[in-house]
Amino acid sequence: MTAIATPPPTRDDDVLPLLELAGERSTPLALGRGLWSSRELLVLLARKEFHVKYRRMSFGTLWAVVLPLLQSVVMAIVFSHLVVFHVPHYAIFILSGMAAWTYFSSVFASGSTAIAGGASLASKVYFPRALLCLVQSVTALYGLVIMIGIVLVLCVPLGVHLGPAVLLLIPGILLLLVFSSALTLTAAALHVYFRDVNYVVNALVLLLLYLSPVIYSPALAPRILHPLLVVNPLTGILDLFHAALGYPGAMGLALFVTGAWTIFFLATAVVLHSRFDRVFTDLQ
Amino acid sequence: MTAAPAIELRGVGKRFTKYDDLPLLITSATRLQRRHRRAKLWAIRGVDVEIPTGTSLGMIGRNGSGKTTLLSMMAGVTAPTEGLLRIRGRVAPLISVGVGFHTELTGRENVYLNATILGLTKKQIDQRIESIVDFAEIDAFLDTPVKFYSSGMFVRLGFAVAIHSEPDVMIVDEVLAVGDLGFQVKCLERMARLVQGGTTVVMVSHNMGAIQRLTPRVLLLDKGAPVFLGTAEAAISRYHELLDEDPDTEVDLSSALRHERGTVEMVSVELLGPDGEALKQVRSGTPLTVRLTARALAPVTEVVVGFSLTGPDSQVIYMDTNASHPFGRMEAGEVAAFTMSFAAALPTGSYSVSGWLQRSDHRTVLARSRHAAFFVDGRPTVTGAADLRGLISREELASEVSEAVS
């Protein structure tokens with residue numbers, strides 16, 4: 001009752017926020033500010049996404065890890081017996097690669113439909129629509145952290161020596177996060193206007209697993225695959241993950257290519273989102 | 001308080017592109033398909049309005065008039081194609097209640113989620129959650145997933161959060177149409193108090209009673225353009241004139257009736273006050289007359305005339321005919337007026353009357369009138385379908401009380 005009599009709370013006590021809309025375009029600066037001020041919402045939406053996915057299951061949040069783990073084990077068994085890649089401690093190699101891959105593929109697959117899928121929320125209240133994609137980037141972090149934890153713990157019984165190189169995981173994770181988010185933001189913006197983006201994304205996810213050095217070391221890949229591995233933006237990220245655990249990778253060039261792709265998709269995402277952020281919901 | 005208006009619209013317009021089929025990335029990239037079937041249409045155009053801080057504006061109009069598009073722009077959900085829109089202060093859009101509610105989450109979790117969406121910080125929500133739960137009357141169910149809530153509880157919780165976000169500007173779309181009557185009254189009271197406390201309110205509603213009570217200034221929109229801006233009374237009258245012109249509001253009487261064209265032509269339907277003047281807005285209890293004027297194109301032996309009164313929820317609340325005593329023969333070319341007099345013993349709201357002529361066989365409709373819409377300014381305490389002018393009194397039963405005490 002009394003709460004209503006108090007003056008309305010504002011973020012800055014004196015200056016009321018001012019919203020000016022003239023035309024459909026928005027600026028990268030305004031977009032950035034909007035994202036920054038919605039950071040609490042981002043965390044809350046990610047938590048909701050996670051809870052809703054796993055709350056009602058008897059194993060609970062364990063499922064976020066069990067599936068990629070199971071997939072890795074199957075791959076490790078199949079590939080180490082049927083195809084011989086001559087990689088020492090193949091289980092660790094494949095698990096570390098799968099940790100990065102699982103994060104990338106789940107963010108890319110679910111995030112690229114997030115803007116169109118979030119229309120029921122977005123058509124009723126404004127927040128930068130990029131948030132809907134970033135929610136997926138944040139939600140998937142949980143699985144990534146646990147997978148990496150499992151890899152590091154398994155290194156001990158398997159006798160893999162962990163040196164200071166393990167710190168390469170930090171730039172590896174950062175690059176993985178930024179690249180996955182930038183690509184997803186671009187795909188999600190396109191998906192609003194072109195509904196077949198969904199299928200293109202699914203096809204890419206299917207192919208990229210085998211065209212990236214996840215199950216094989218780039219050095220041992222057949223020659224024909226080399227040019228593809230060089231232009232593949234995931235090679236640089238996977239190299240960092242592998243290098244952290246002592247596996248030699250292509251490094252250098254691959255990292256440079258990944259950096260270039262990341263900047264390209266980041267720039268594309270900024271251009272698309274500044275142009276369409278305020279009108280994404282018009283098509284719904 | 002700043003002198004600048006809370007909301008300014010300068011030549012605001014919004015154009016949508018309507019696609020028959022969404023284009024495909026592959027066909028667009030390869031130019032296999034040159035042009036997609038699409039049409040551009042203006043949902044709303046040419047709106048110039050200023051809403052001073054701490055006042056309220058109602059927006060009314062028929063379906064497709066552009067109200068919702070305009071409201072979405074004020075909520076910042078979509079941007080105008082042309083013109084300038086300026087909003088000062090934190091906006092709470094109430095385009096629907098419980099935005100972002102997820103049925104698997106508990107009431108408490110949903111309050112935090114919903115309030116964060118409306119722009120509150122965690123600390124602010126911590127302070128208000130008790131008051132929110134109080135207002136929503138759901139304290140026993142706060143930690144129950146909302147999928148077990150009744151629809152009434154769901155709506156109450158959503159509205160409670162919105163109203164406790166204490167925004168500078170509140171954008172409301174038809175939310176009061178939901179919830180039970182008692183809660184609607186509570187919400188209206190709360191919103192009136194928000195306005196007194198300096199909140200600017202913009203409200204779209206088909207509920208003319210709510211509009212009249214809450215927004216003294218009303219913008220009337222029609223076919224994507226502003227038609228009238230002025231007092232609620234004048235705007236509501238103009239709105240009911242527009243409703244009259246709408247050919248789509250004919251009642252479908254009953255599928256069992258056959259429509260016979262070319263025998264009788266309906267000339268007009270009018271709603272007249274006690275002095276025979278045309279009316280659009282009346283006080284509850286005013287004696288009214290509906291007058292149908294019809295011309296016979298061919299002779300009809302016996303004529304039955306019927307009238308129906310439709311209430312705010314498009315429900316027929318009264319219907320009557322003279323089927324027991326039909327009128328006599330109408331000759332070809334004859335013009336006659338048929339009237340029904342009644343008292344508008346009705347609560348506040350939008351109503352419409354219409355009439356029809358039928359043969360005495362009860363199966364053949366000869367002609368139907370349009371709907372004549374009008375607004376009843378009812379007694380403030382009355383809700384329901386009819387104002388029965390009930391007399392509420394109290395009787396002192398002193399002797400019995402004293403016996404009971406002793």
# chains A, B, ... in the order shown; residues from 1 in each chain; ligands from 1

call {"tool": "residues_around", "arguments": {"residues": "stretch 122-135 of chain A", "least_positions_apart": "5", "cutoff": "9 Å", "atoms": "only C-alpha atoms", "output": "VMD selection string"}}
result
(chain A and resid 31 to 32 34 to 35 38 to 39 41 to 47 49 107 to 108 110 to 115 117 140 181 184 to 185 188 to 189 273 277 to 278 280 to 282 284) or (chain B and resid 72 75 to 78 92 to 96 99 117 to 118)

call {"tool": "interface_residues", "arguments": {"of": "chain A", "to": "chain B", "cutoff": "8 Å", "atoms": "only C-alpha atoms", "output": "CSV table (one decimal) with all heavy atoms, in the first residue's frame"}}
result
chain,number,residue,atom,x,y,z
A,1,MET,N,0.8,-1.2,0.0
A,1,MET,CA,0.0,0.0,0.0
A,1,MET,C,0.9,1.3,0.0
A,1,MET,O,0.8,2.1,-0.9
A,1,MET,CB,-0.9,0.0,1.3
A,1,MET,CG,-2.0,-1.0,1.2
A,1,MET,SD,-3.4,-0.4,0.2
A,1,MET,CE,-4.2,-2.0,-0.2
A,4,ILE,N,3.4,2.5,-3.0
A,4,ILE,CA,3.0,3.2,-4.1
A,4,ILE,C,3.3,4.7,-4.0
A,4,ILE,O,3.5,5.5,-4.9
A,4,ILE,CB,1.5,2.9,-4.5
A,4,ILE,CG1,1.4,2.4,-5.9
A,4,ILE,CG2,0.6,4.1,-4.4
A,4,ILE,CD1,2.1,1.1,-6.1
A,5,ALA,N,3.2,5.2,-2.7
A,5,ALA,CA,3.3,6.6,-2.4
A,5,ALA,C,4.8,7.1,-2.6
A,5,ALA,O,5.0,8.2,-2.9
A,5,ALA,CB,2.9,6.9,-1.0
A,7,PRO,N,8.3,7.9,-4.4
A,7,PRO,CA,8.6,8.2,-5.8
A,7,PRO,C,9.1,7.0,-6.5
A,7,PRO,O,9.8,6.2,-6.0
A,7,PRO,CB,9.6,9.3,-5.6
A,7,PRO,CG,10.2,9.2,-4.3
A,7,PRO,CD,9.2,8.6,-3.4
A,8,PRO,N,8.7,7.0,-7.8
A,8,PRO,CA,9.2,5.8,-8.6
A,8,PRO,C,10.7,5.7,-8.7
A,8,PRO,O,11.4,6.7,-8.8
A,8,PRO,CB,8.6,6.2,-10.0
A,8,PRO,CG,8.1,7.6,-10.0
A,8,PRO,CD,8.0,7.9,-8.6
A,9,PRO,N,11.2,4.5,-8.5
A,9,PRO,CA,12.6,4.4,-8.5
A,9,PRO,C,13.2,4.5,-9.9
A,9,PRO,O,12.6,4.0,-10.8
A,9,PRO,CB,12.8,3.0,-7.9
A,9,PRO,CG,11.6,2.3,-8.3
A,9,PRO,CD,10.5,3.3,-8.4
A,10,THR,N,14.3,5.1,-10.0
A,10,THR,CA,15.0,5.2,-11.3
A,10,THR,C,16.4,4.8,-11.1
A,10,THR,O,17.0,4.9,-10.0
A,10,THR,CB,14.9,6.6,-11.9
A,10,THR,OG1,15.3,7.5,-10.9
A,10,THR,CG2,13.6,6.9,-12.4
A,16,LEU,N,16.1,10.9,-15.7
A,16,LEU,CA,15.3,9.9,-16.2
A,16,LEU,C,15.9,9.3,-17.5
A,16,LEU,O,16.5,10.1,-18.3
A,16,LEU,CB,13.9,10.4,-16.5
A,16,LEU,CG,13.0,10.8,-15.3
A,16,LEU,CD1,11.7,11.4,-15.8
A,16,LEU,CD2,12.8,9.6,-14.5
A,17,PRO,N,15.8,8.0,-17.7
A,17,PRO,CA,16.3,7.5,-19.0
A,17,PRO,C,15.5,8.0,-20.1
A,17,PRO,O,14.3,8.2,-20.0
A,17,PRO,CB,16.1,6.0,-18.8
A,17,PRO,CG,15.2,5.8,-17.7
A,17,PRO,CD,15.3,7.0,-16.8
A,18,LEU,N,16.1,8.3,-21.2
A,18,LEU,CA,15.4,8.9,-22.4
A,18,LEU,C,15.6,7.9,-23.5
A,18,LEU,O,16.7,7.5,-23.9
A,18,LEU,CB,16.0,10.3,-22.8
A,18,LEU,CG,15.5,10.9,-24.0
A,18,LEU,CD1,14.1,11.3,-23.9
A,18,LEU,CD2,16.3,12.0,-24.5
A,19,LEU,N,14.4,7.5,-24.1
A,19,LEU,CA,14.4,6.7,-25.3
A,19,LEU,C,14.0,7.5,-26.5
A,19,LEU,O,12.9,8.1,-26.5
A,19,LEU,CB,13.5,5.5,-25.0
A,19,LEU,CG,13.3,4.6,-26.3
A,19,LEU,CD1,14.5,3.8,-26.6
A,19,LEU,CD2,12.1,3.7,-26.0
A,20,GLU,N,14.9,7.5,-27.5
A,20,GLU,CA,14.5,8.2,-28.7
A,20,GLU,C,14.6,7.3,-29.8
A,20,GLU,O,15.6,6.7,-30.1
A,20,GLU,CB,15.5,9.4,-28.9
A,20,GLU,CG,14.9,10.7,-28.8
A,20,GLU,CD,15.8,11.8,-29.2
A,20,GLU,OE1,16.7,11.6,-30.0
A,20,GLU,OE2,15.6,12.9,-28.7
A,21,LEU,N,13.4,7.1,-30.5
A,21,LEU,CA,13.4,6.3,-31.7
A,21,LEU,C,13.1,7.1,-32.9
A,21,LEU,O,12.0,7.7,-33.0
A,21,LEU,CB,12.4,5.2,-31.5
A,21,LEU,CG,12.6,4.1,-30.4
A,21,LEU,CD1,11.4,3.2,-30.3
A,21,LEU,CD2,13.9,3.4,-30.6
A,22,ALA,N,14.0,7.1,-33.9
A,22,ALA,CA,13.7,7.8,-35.1
A,22,ALA,C,14.2,6.8,-36.2
A,22,ALA,O,15.4,6.7,-36.4
A,22,ALA,CB,14.4,9.1,-35.2
A,23,GLY,N,13.3,6.1,-36.9
A,23,GLY,CA,13.8,5.2,-37.9
A,23,GLY,C,14.1,3.9,-37.2
A,23,GLY,O,14.2,3.7,-36.0
A,24,GLU,N,14.3,2.8,-38.0
A,24,GLU,CA,14.4,1.5,-37.5
A,24,GLU,C,15.8,1.2,-37.0
A,24,GLU,O,16.0,0.3,-36.2
A,24,GLU,CB,14.0,0.5,-38.6
A,24,GLU,CG,12.6,0.6,-39.0
A,24,GLU,CD,12.2,-0.3,-40.2
A,24,GLU,OE1,13.1,-0.8,-40.8
A,24,GLU,OE2,11.0,-0.4,-40.5
A,40,GLU,N,21.8,-8.5,-15.9
A,40,GLU,CA,21.1,-9.3,-14.8
A,40,GLU,C,20.1,-10.2,-15.5
A,40,GLU,O,19.9,-11.3,-15.1
A,40,GLU,CB,20.4,-8.4,-13.8
A,40,GLU,CG,21.3,-8.1,-12.6
A,40,GLU,CD,20.5,-7.3,-11.5
A,40,GLU,OE1,19.3,-7.6,-11.3
A,40,GLU,OE2,21.1,-6.4,-10.9
A,41,LEU,N,19.4,-9.6,-16.5
A,41,LEU,CA,18.4,-10.4,-17.2
A,41,LEU,C,19.0,-11.6,-17.9
A,41,LEU,O,18.5,-12.7,-18.0
A,41,LEU,CB,17.7,-9.5,-18.2
A,41,LEU,CG,16.6,-10.1,-19.0
A,41,LEU,CD1,15.5,-10.7,-18.1
A,41,LEU,CD2,16.0,-9.1,-20.0
A,44,LEU,N,19.6,-14.3,-15.5
A,44,LEU,CA,18.3,-14.9,-15.1
A,44,LEU,C,17.7,-15.8,-16.2
A,44,LEU,O,17.2,-16.9,-15.9
A,44,LEU,CB,17.4,-13.8,-14.7
A,44,LEU,CG,16.6,-14.0,-13.4
A,44,LEU,CD1,17.6,-14.0,-12.2
A,44,LEU,CD2,15.6,-12.9,-13.2
A,45,LEU,N,17.8,-15.3,-17.4
A,45,LEU,CA,17.2,-16.1,-18.5
A,45,LEU,C,18.0,-17.4,-18.7
A,45,LEU,O,17.4,-18.4,-19.0
A,45,LEU,CB,17.2,-15.2,-19.8
A,45,LEU,CG,16.1,-14.2,-19.9
A,45,LEU,CD1,16.3,-13.3,-21.2
A,45,LEU,CD2,14.7,-14.8,-19.9
A,48,LYS,N,17.0,-19.8,-16.1
A,48,LYS,CA,15.7,-20.3,-16.4
A,48,LYS,C,15.8,-21.4,-17.5
A,48,LYS,O,15.2,-22.5,-17.3
A,48,LYS,CB,14.8,-19.2,-16.9
A,48,LYS,CG,13.5,-19.7,-17.6
A,48,LYS,CD,12.8,-18.5,-18.3
A,48,LYS,CE,11.8,-19.0,-19.3
A,48,LYS,NZ,11.2,-18.0,-20.0
A,52,VAL,N,14.6,-25.2,-16.7
A,52,VAL,CA,13.5,-25.7,-17.5
A,52,VAL,C,13.9,-27.0,-18.2
A,52,VAL,O,13.2,-27.9,-18.3
A,52,VAL,CB,13.0,-24.6,-18.4
A,52,VAL,CG1,12.0,-25.2,-19.4
A,52,VAL,CG2,12.3,-23.5,-17.6
A,121,LEU,N,8.2,-13.6,-26.2
A,121,LEU,CA,8.7,-12.7,-25.2
A,121,LEU,C,9.1,-11.3,-25.7
A,121,LEU,O,8.7,-10.3,-25.2
A,121,LEU,CB,9.9,-13.3,-24.5
A,121,LEU,CG,10.7,-12.5,-23.4
A,121,LEU,CD1,9.7,-12.2,-22.3
A,121,LEU,CD2,11.8,-13.3,-22.9
A,122,ALA,N,9.8,-11.4,-26.9
A,122,ALA,CA,10.4,-10.2,-27.5
A,122,ALA,C,9.3,-9.2,-28.0
A,122,ALA,O,9.5,-8.0,-28.1
A,122,ALA,CB,11.3,-10.6,-28.6
A,123,SER,N,8.1,-9.8,-28.3
A,123,SER,CA,7.1,-8.9,-28.9
A,123,SER,C,6.3,-8.1,-27.8
A,123,SER,O,5.5,-7.3,-28.1
A,123,SER,CB,6.1,-9.7,-29.7
A,123,SER,OG,5.5,-10.6,-28.9
A,124,LYS,N,6.7,-8.4,-26.5
A,124,LYS,CA,6.0,-7.8,-25.4
A,124,LYS,C,6.8,-6.8,-24.7
A,124,LYS,O,6.3,-6.0,-24.0
A,124,LYS,CB,5.4,-8.8,-24.5
A,124,LYS,CG,4.1,-9.4,-25.1
A,124,LYS,CD,3.8,-10.8,-24.6
A,124,LYS,CE,2.9,-11.5,-25.5
A,124,LYS,NZ,3.1,-13.0,-25.4
A,125,VAL,N,8.1,-7.0,-24.7
A,125,VAL,CA,9.0,-6.1,-24.0
A,125,VAL,C,10.3,-6.0,-24.7
A,125,VAL,O,10.7,-6.9,-25.4
A,125,VAL,CB,9.2,-6.7,-22.5
A,125,VAL,CG1,9.8,-8.0,-22.5
A,125,VAL,CG2,10.0,-5.7,-21.7
A,126,TYR,N,10.9,-4.8,-24.6
A,126,TYR,CA,12.2,-4.6,-25.4
A,126,TYR,C,13.4,-4.9,-24.5
A,126,TYR,O,13.5,-4.6,-23.4
A,126,TYR,CB,12.3,-3.2,-25.9
A,126,TYR,CG,13.7,-3.0,-26.5
A,126,TYR,CD1,13.9,-3.6,-27.8
A,126,TYR,CD2,14.7,-2.4,-25.9
A,126,TYR,CE1,15.2,-3.5,-28.4
A,126,TYR,CE2,16.0,-2.3,-26.4
A,126,TYR,CZ,16.2,-2.9,-27.7
A,126,TYR,OH,17.4,-2.8,-28.2
A,193,TYR,N,14.8,-13.8,-41.2
A,193,TYR,CA,14.4,-13.4,-42.5
A,193,TYR,C,14.4,-14.6,-43.5
A,193,TYR,O,13.7,-14.5,-44.5
A,193,TYR,CB,15.1,-12.2,-43.0
A,193,TYR,CG,14.9,-11.0,-42.1
A,193,TYR,CD1,15.8,-10.6,-41.2
A,193,TYR,CD2,13.8,-10.2,-42.2
A,193,TYR,CE1,15.6,-9.6,-40.3
A,193,TYR,CE2,13.5,-9.2,-41.4
A,193,TYR,CZ,14.5,-8.8,-40.5
A,193,TYR,OH,14.2,-7.8,-39.6
A,194,PHE,N,15.3,-15.5,-43.2
A,194,PHE,CA,15.4,-16.7,-44.1
A,194,PHE,C,15.3,-17.9,-43.3
A,194,PHE,O,16.2,-18.3,-42.5
A,194,PHE,CB,16.8,-16.7,-44.8
A,194,PHE,CG,17.1,-15.4,-45.6
A,194,PHE,CD1,17.9,-14.5,-45.1
A,194,PHE,CD2,16.5,-15.2,-46.8
A,194,PHE,CE1,18.2,-13.3,-45.8
A,194,PHE,CE2,16.7,-14.1,-47.5
A,194,PHE,CZ,17.6,-13.1,-47.0
A,195,ARG,N,14.1,-18.6,-43.4
A,195,ARG,CA,13.9,-19.7,-42.5
A,195,ARG,C,14.7,-21.0,-42.8
A,195,ARG,O,14.7,-21.9,-42.0
A,195,ARG,CB,12.4,-20.1,-42.5
A,195,ARG,CG,11.5,-19.0,-41.8
A,195,ARG,CD,12.1,-18.9,-40.3
A,195,ARG,NE,11.8,-17.6,-39.7
A,195,ARG,CZ,10.7,-17.3,-39.0
A,195,ARG,NH1,9.8,-18.2,-38.9
A,195,ARG,NH2,10.6,-16.1,-38.5
A,196,ASP,N,15.3,-21.0,-44.0
A,196,ASP,CA,16.1,-22.2,-44.2
A,196,ASP,C,17.5,-22.2,-43.6
A,196,ASP,O,18.3,-23.1,-43.6
A,196,ASP,CB,16.3,-22.5,-45.7
A,196,ASP,CG,16.9,-21.3,-46.5
A,196,ASP,OD1,16.9,-20.2,-45.9
A,196,ASP,OD2,17.4,-21.5,-47.6
A,197,VAL,N,17.8,-21.0,-42.9
A,197,VAL,CA,19.1,-20.9,-42.2
A,197,VAL,C,19.2,-22.1,-41.2
A,197,VAL,O,20.3,-22.7,-41.0
A,197,VAL,CB,19.2,-19.6,-41.5
A,197,VAL,CG1,20.3,-19.6,-40.5
A,197,VAL,CG2,19.4,-18.5,-42.5
A,278,ARG,N,15.6,-3.5,-33.6
A,278,ARG,CA,14.3,-3.0,-33.2
A,278,ARG,C,13.1,-3.5,-34.0
A,278,ARG,O,12.0,-3.2,-33.8
A,278,ARG,CB,14.3,-1.4,-33.3
A,278,ARG,CG,15.2,-0.8,-32.2
A,278,ARG,CD,14.4,-0.5,-31.0
A,278,ARG,NE,15.2,0.1,-29.9
A,278,ARG,CZ,14.8,0.3,-28.7
A,278,ARG,NH1,13.6,0.0,-28.3
A,278,ARG,NH2,15.6,0.8,-27.8
A,279,VAL,N,13.4,-4.2,-35.1
A,279,VAL,CA,12.3,-4.6,-36.0
A,279,VAL,C,12.3,-6.1,-36.2
A,279,VAL,O,11.5,-6.6,-37.0
A,279,VAL,CB,12.4,-3.9,-37.4
A,279,VAL,CG1,12.0,-2.5,-37.2
A,279,VAL,CG2,13.7,-4.0,-38.0
A,281,THR,N,11.1,-8.3,-34.4
A,281,THR,CA,9.8,-8.9,-34.1
A,281,THR,C,8.7,-8.6,-35.1
A,281,THR,O,7.6,-9.2,-35.0
A,281,THR,CB,9.3,-8.4,-32.7
A,281,THR,OG1,9.4,-7.0,-32.7
A,281,THR,CG2,10.2,-9.0,-31.6
A,282,ASP,N,8.9,-7.7,-36.0
A,282,ASP,CA,7.8,-7.3,-36.9
A,282,ASP,C,7.3,-8.4,-37.8
A,282,ASP,O,6.2,-8.4,-38.2
A,282,ASP,CB,8.3,-6.2,-37.9
A,282,ASP,CG,8.5,-4.8,-37.2
A,282,ASP,OD1,8.2,-4.8,-36.0
A,282,ASP,OD2,8.9,-3.9,-37.8
A,283,LEU,N,8.2,-9.4,-38.0
A,283,LEU,CA,7.8,-10.5,-38.9
A,283,LEU,C,7.0,-11.6,-38.2
A,283,LEU,O,6.5,-12.5,-38.8
A,283,LEU,CB,9.0,-11.1,-39.5
A,283,LEU,CG,9.5,-10.5,-40.9
A,283,LEU,CD1,10.6,-11.3,-41.5
A,283,LEU,CD2,8.3,-10.5,-41.8

call {"tool": "select_by_dssp", "arguments": {"residues": "stretch 149-381 of chain B", "states": "helix (DSSP H, G or I)", "output": "ChimeraX atom specification"}}
result
/B:151-164,175-177,181-196,208-214,232-245,247-249

call {"tool": "residues_around", "arguments": {"residues": "B:Leu357", "least_positions_apart": "3", "cutoff": "9 Å", "atoms": "only C-alpha atoms", "output": "list in words"}}
result
Val264, Met266, Ala294, Val303, Val304, Val305, Gly306, Thr364, Val365, Leu366, Ala367, Arg368 and Ser369 of chain B

call {"tool": "select_by_dssp", "arguments": {"residues": "stretch 162-374 of chain B", "states": "strand (DSSP E)", "output": "PyMOL selection string"}}
result
chain B and resi 169-173+200-204+217-222+225-231+258-259+264-272+281-283+287-296+303-310+316-321+335-343+349-359+364-368+372-374

call {"tool": "residues_around", "arguments": {"residues": "stretch 225-227 of chain A", "least_positions_apart": "6", "cutoff": "10 Å", "atoms": "only C-alpha atoms", "output": "PyMOL selection string"}}
result
chain A and resi 211-212+218-219

call {"tool": "residues_around", "arguments": {"residues": "stretch 165-178 of chain A", "least_positions_apart": "4", "cutoff": "7 Å", "atoms": "only C-alpha atoms", "output": "list in words"}}
result
Ala182, Ile237, Leu240, Phe241, Ala243, Ala244 and Leu245 of chain A

call {"tool": "residues_around", "arguments": {"residues": "A:Thr27", "least_positions_apart": "2", "cutoff": "6 Å", "atoms": "only C-alpha atoms", "output": "VMD selection string"}}
result
chain A and resid 29 to 30 274

call {"tool": "write_last_selection", "arguments": {"atoms": "N, CA and C atoms", "output": "PDB file, in the first residue's frame"}}
result
ATOM      1  N   LEU A  29      26.640   1.534 -30.459  1.00  0.00           N
ATOM      2  CA  LEU A  29      26.840   2.041 -29.106  1.00  0.00           C
ATOM      3  C   LEU A  29      25.586   1.823 -28.257  1.00  0.00           C
ATOM      4  N   ALA A  30      24.421   2.187 -28.832  1.00  0.00           N
ATOM      5  CA  ALA A  30      23.162   2.022 -28.098  1.00  0.00           C
ATOM      6  C   ALA A  30      22.926   0.548 -27.798  1.00  0.00           C
ATOM      7  N   SER A 274      22.549  -3.921 -35.437  1.00  0.00           N
ATOM      8  CA  SER A 274      22.224  -2.492 -35.348  1.00  0.00           C
ATOM      9  C   SER A 274      21.126  -2.141 -36.337  1.00  0.00           C
TER      10      SER A 274
END

call {"tool": "closest_residue", "arguments": {"among": "A:Leu220, A:Thr262, A:Val271, A:Asp239", "to": "A:Val87", "atoms": "only C-alpha atoms"}}
result
A:Leu220

call {"tool": "closest_residue", "arguments": {"among": "B:Pro287, B:Pro312, B:Gly276, B:Gly182", "to": "B:Ser352", "atoms": "only C-alpha atoms"}}
result
B:Pro312

call {"tool": "residues_around", "arguments": {"residues": "B:Arg295", "least_positions_apart": "4", "cutoff": "6 Å", "atoms": "only C-alpha atoms", "output": "PyMOL selection string"}}
result
chain B and resi 264-265+334-335

call {"tool": "write_last_selection", "arguments": {"atoms": "N, CA, C and O atoms", "output": "PDB file, in the first residue's frame"}}
result
ATOM      1  N   VAL B 264     -38.008  -6.828 -48.722  1.00  0.00           N
ATOM      2  CA  VAL B 264     -38.018  -5.624 -47.887  1.00  0.00           C
ATOM      3  C   VAL B 264     -36.607  -5.073 -47.805  1.00  0.00           C
ATOM      4  O   VAL B 264     -35.642  -5.827 -47.750  1.00  0.00           O
ATOM      5  N   GLU B 265     -36.518  -3.727 -47.835  1.00  0.00           N
ATOM      6  CA  GLU B 265     -35.212  -3.090 -47.762  1.00  0.00           C
ATOM      7  C   GLU B 265     -35.154  -2.275 -46.476  1.00  0.00           C
ATOM      8  O   GLU B 265     -36.066  -1.499 -46.198  1.00  0.00           O
ATOM      9  N   GLU B 334     -44.374   0.724 -49.817  1.00  0.00           N
ATOM     10  CA  GLU B 334     -44.741   1.331 -48.551  1.00  0.00           C
ATOM     11  C   GLU B 334     -43.521   1.443 -47.629  1.00  0.00           C
ATOM     12  O   GLU B 334     -42.723   0.522 -47.531  1.00  0.00           O
ATOM     13  N   VAL B 335     -43.363   2.585 -46.971  1.00  0.00           N
ATOM     14  CA  VAL B 335     -42.273   2.795 -46.013  1.00  0.00           C
ATOM     15  C   VAL B 335     -42.888   2.870 -44.624  1.00  0.00           C
ATOM     16  O   VAL B 335     -43.875   3.580 -44.422  1.00  0.00           O
TER      17      VAL B 335
END
